Amino acid sequence: MDKNRVQVGQLALLYLLLVMGGKFLTLPSLLAGDVGHDSWLSVAFSFVWDGVCLCFLLWAIKINVDSRMDISAILDKSVSKPVTKVFLAIFFVIFVLRTNILLSSCYKMFSVTFDVSTNWIVFVLPVAALAFFAVAKGFNAIARMGQLLFGLILLAVAALFVSPFLEMKFGTLLPIAEAGWGKILLTSYTRSFWFSDYIFIYFVLDGIKVKKSVFAPMLISFAVGAFLCILLNAVFVALFGYLAPDFDMAMSKIGVFSAANTANGRWDWLTLSVWLVSVFIKVMVFIFCAYKCIEKLVGANFVKFNWIAAGIVLSALSLPLFVSTEQLLDTVIKWGVIPFSLVQYLLPLLMPLLTTVAKRKTEAVYE
Amino acid sequence: MSNLKRIGIVLVVVAAVALVAGSFKGSDVLDRAIILGIGIDAEESGGVMLTAEVVAPGNGTEQVGTFSKTVSVKGETVNVALQNVAEATGKETSLGQCVVLVLGQEYTETVDFSDLIDYFIKHHSLKESAVICCCEGDAKELFNKGNALAQSMSLAIAAALLDQAEKISVTNNSLLQYARSQNELSRTGFLNKVAFVPSENTDGNLPDKEMGFISYREMCVFRANRYVTALSEQDVKGMSLFLSDVAGETFVSFEDTVTRTVQVTSKDVKLKAGKDGIEAEIKLTVRYGRTDSEAVSGPLTSKNDKEIPQKLLDDVTKQAAAIAEKYLAKQREFNFDLLDFHEMYRRQEGASASLAERPMSEFPVRLTVTVTES
């Protein structure tokens, strides 16, 4: 597990990339379809819940610093093994679905924006290979990659984003809450699947090196990521108006109006490509977590890379060959919101308590 | 790790890379008909006549300088016509670099082109920031005047409307803005009207060569993609007075035997929607019209000595108020809304069918114009 240990700073940068990584694809158009120009409010509410849950999770990290228990150990000792398995199964489904949705969006973006097409398997294989390489190398490999590419990705986001933002007419977002507060709140719940990016932290709980504060770097990252996401949603709906629900590749559409946009040339493609790296990093993190779910579900600690676990994750990534993204959204994700909420929103709130209980039980055994 | 194992891993990686790389179907730039601009004209049998300006990259043996050609094809729909372009050029069409859409006069005046706009705005490759305009006569004819401009017609139109228009009191429109205008609230919007203006050939070496430039000082107004009316140069000037990001309006004043020209360098426009109508406050900053001097103005610029007499400023104020009022009267007469009056009320009341249907006559405007020297 030592190779998986990451510093809080690395974790914070990675978390910021994850927050920005998947929310600039299909989500803005879905939200615009639900609540129109109030979608930024819906995003803001989702981040409020996320912020509260993140604080509790960070509290749990602080409690767990010395004992360094992983998520299954904490749950096993605090709520029983069968419940742990249920939670891990839900986690596995979330990670697999989110990876599939992200990869589907990237697949579509490559096809329609860059006009590069291939079949799903060949598209997924290199990404999965990279992810499994990171799994074999340990989570630290992903965190370091995020750390290295962070600046470049943030510059790309700025290049795509600043010009449309400066030209945006904020008045188009008025009147505030035209869709109704109830509908906005409901939307932030029904679309919660796209949020709570902190769930990957559950699977690195035992590998976080805490030197100073846990809260400050993580909350700063969260605040920056949340602010950028809210802003992007506002820019998107203000720019595209009634057309926003039809444009399911928000970042590529906003990129058209980016700072480097001139009458001729497509500089936006270059910056978009750099930003896409953050989506692939997110995919790698989720694949890592899905792999870890299997490890913990079967109750084994894979000392070496486990090909069977990797095969199961890879098989799950072939889902879009059988079910379209729209079908997934309309069925599994729509009805999965409640069970997903258990691990997205309920579990983090209970984590400090569960970690304390597990820690006491461990200490009692040693005594 | 044994050498044999290392060689095995390298072979597997090479095979995997070859498999993956070979499976991605990109296409060579020379195999693509990269379209810079599209012209659409009405076709007698229904359907459209599509003219595409296509990049023709040189291959080393071709003459340098000729880099685009126009291809005109018919089609029942734009999609069919674009496929026919592929057939005519022998290459796959690509709209990723298309910068301008030009709609022919007959087409815009006789056809409801909602389907066309819907097709282009939802096209994955075409930039929503592309310029859209209409033209005098046929778009096909206009595109074939590229030689007379000695440059690509598409790039010339895009550069004129994107870079130059706002400096000469003409506002412009992107495909996105136009598409939104035809579907939101009053459902009215405009297209710049581009025309080719022939000029005298002064080239002794090519005496028969046609020469000219493009003019874009007029506009056409559309409601739900149907033609409503045309705006003259004076109307466009009146409209631009209400737009703070457009400058360059010129006013000529005659006094005794002296004729003076002043030019708007910047403006501050405040439009406020109230219960009794719209309050419009236009503050123009002007200076004497001079060529080759930078028209910088605004609160952070250094002060100059005043040289324009008050009488002249008063005259400009009267002229500006008159053309602004004339434009407002035209908006009321033809019931179109290019100044977003409906949008101003939407921001207060929210969107509703009753607001969208409110005629322009229900938006009385109290106009105040002031002119100061920069």
# chains A, B, ... in the order shown; residues from 1 in each chain; ligands from 1
>>> interface_residues(of="chain A", to="chain B", cutoff="8 Å", atoms="only C-alpha atoms", output="list in words")
Val112, Thr113, Asp115, Val116, Ser117, Thr118, Asn119, Val122, Phe123, Pro126, Gly171, Thr172, Leu173, Leu174, Pro175, Glu178, Phe240, Gly241, Tyr242, Leu243, Asp246, Phe247, Lys253, Val256, Phe257, Ala263, Asn264, Gly265 and Arg266 of chain A
>>> residues_around(residues="region 141-151 of chain A", least_positions_apart="5", cutoff="10 Å", atoms="only C-alpha atoms", output="MDAnalysis selection string")
chainID A and resid 3:7 9:18 130:131 133:136 156:157 274:275 277:278 281:282 284:285 288
>>> residues_around(residues="Ile74 (chain A)", least_positions_apart="4", cutoff="7 Å", atoms="only C-alpha atoms", output="PDB file with C-alpha atoms, in the first residue's frame")
ATOM      1  CA  MET A  69      -7.621   1.737   7.694  1.00  0.00           C
ATOM      2  CA  ASP A  70      -9.061   1.299   4.240  1.00  0.00           C
ATOM      3  CA  SER A  78     -18.351  -0.475  12.158  1.00  0.00           C
ATOM      4  CA  LEU A 354     -17.846   4.975  11.492  1.00  0.00           C
ATOM      5  CA  THR A 355     -14.105   5.660  11.431  1.00  0.00           C
ATOM      6  CA  ALA A 358     -13.701   1.172  13.736  1.00  0.00           C
TER       7      ALA A 358
END
>>> select_by_dssp(residues="region 1-225 of chain B", states="strand (DSSP E)", output="NGL selection string")
:B and (32-42 or 48-55 or 68-75 or 92-94 or 100-103 or 131-135 or 188-199 or 211-223)
>>> residues_around(residues="Ser315 (chain A)", least_positions_apart="2", cutoff="12 Å", atoms="only C-alpha atoms", output="ChimeraX atom specification")
/A:96,100,121,124-125,128,287,290-291,307-313,317-322
>>> residues_around(residues="Asn225 (chain B)", least_positions_apart="6", cutoff="8 Å", atoms="only C-alpha atoms", output="JSON list (two decimals) with C-alpha atoms, in the first residue's frame")
[["chain", "number", "residue", "atom", "x", "y", "z"],
["B", 112, "ASP", "CA", -38.87, 30.00, -45.08],
["B", 113, "PHE", "CA", -35.35, 28.79, -44.39],
["B", 114, "SER", "CA", -35.88, 27.51, -40.83],
["B", 182, "GLN", "CA", -35.37, 33.56, -34.85]]
>>> residues_around(residues="region 333-350 of chain A", least_positions_apart="5", cutoff="7 Å", atoms="only C-alpha atoms", output="JSON list (two decimals) with C-alpha atoms, in the first residue's frame")
[["chain", "number", "residue", "atom", "x", "y", "z"],
["A", 53, "CYS", "CA", -20.10, 15.84, 2.54],
["A", 56, "PHE", "CA", -17.21, 15.15, 6.82],
["A", 57, "LEU", "CA", -15.04, 12.92, 4.68],
["A", 87, "PHE", "CA", -21.80, -0.44, -0.27],
["A", 90, "ILE", "CA", -22.96, 0.26, -5.24],
["A", 190, "THR", "CA", -31.81, 13.92, -9.86],
["A", 193, "PHE", "CA", -24.88, 11.23, -10.35],
["A", 196, "SER", "CA", -19.65, 13.96, -5.45],
["A", 199, "ILE", "CA", -15.98, 9.36, -3.66],
["A", 328, "LEU", "CA", -28.49, 4.45, -19.36]]
>>> closest_residue(among="B:Lys140, B:Arg217, B:Arg223, B:Lys193", to="Phe334 (chain B)", atoms="only C-alpha atoms")
B:Arg223
>>> residues_around(residues="Leu241 (chain B)", least_positions_apart="3", cutoff="7 Å", atoms="only C-alpha atoms", output="CSV table (one decimal) with C-alpha atoms, in the first residue's frame")
chain,number,residue,atom,x,y,z
B,237,LYS,CA,-26.7,53.8,-38.7
B,238,GLY,CA,-29.8,54.6,-36.6
B,324,ALA,CA,-32.4,57.1,-34.0
>>> closest_residue(among="A:Val83, A:Met168, A:Arg191, A:Ser72", to="Ala300 (chain A)", atoms="only C-alpha atoms")
A:Ser72
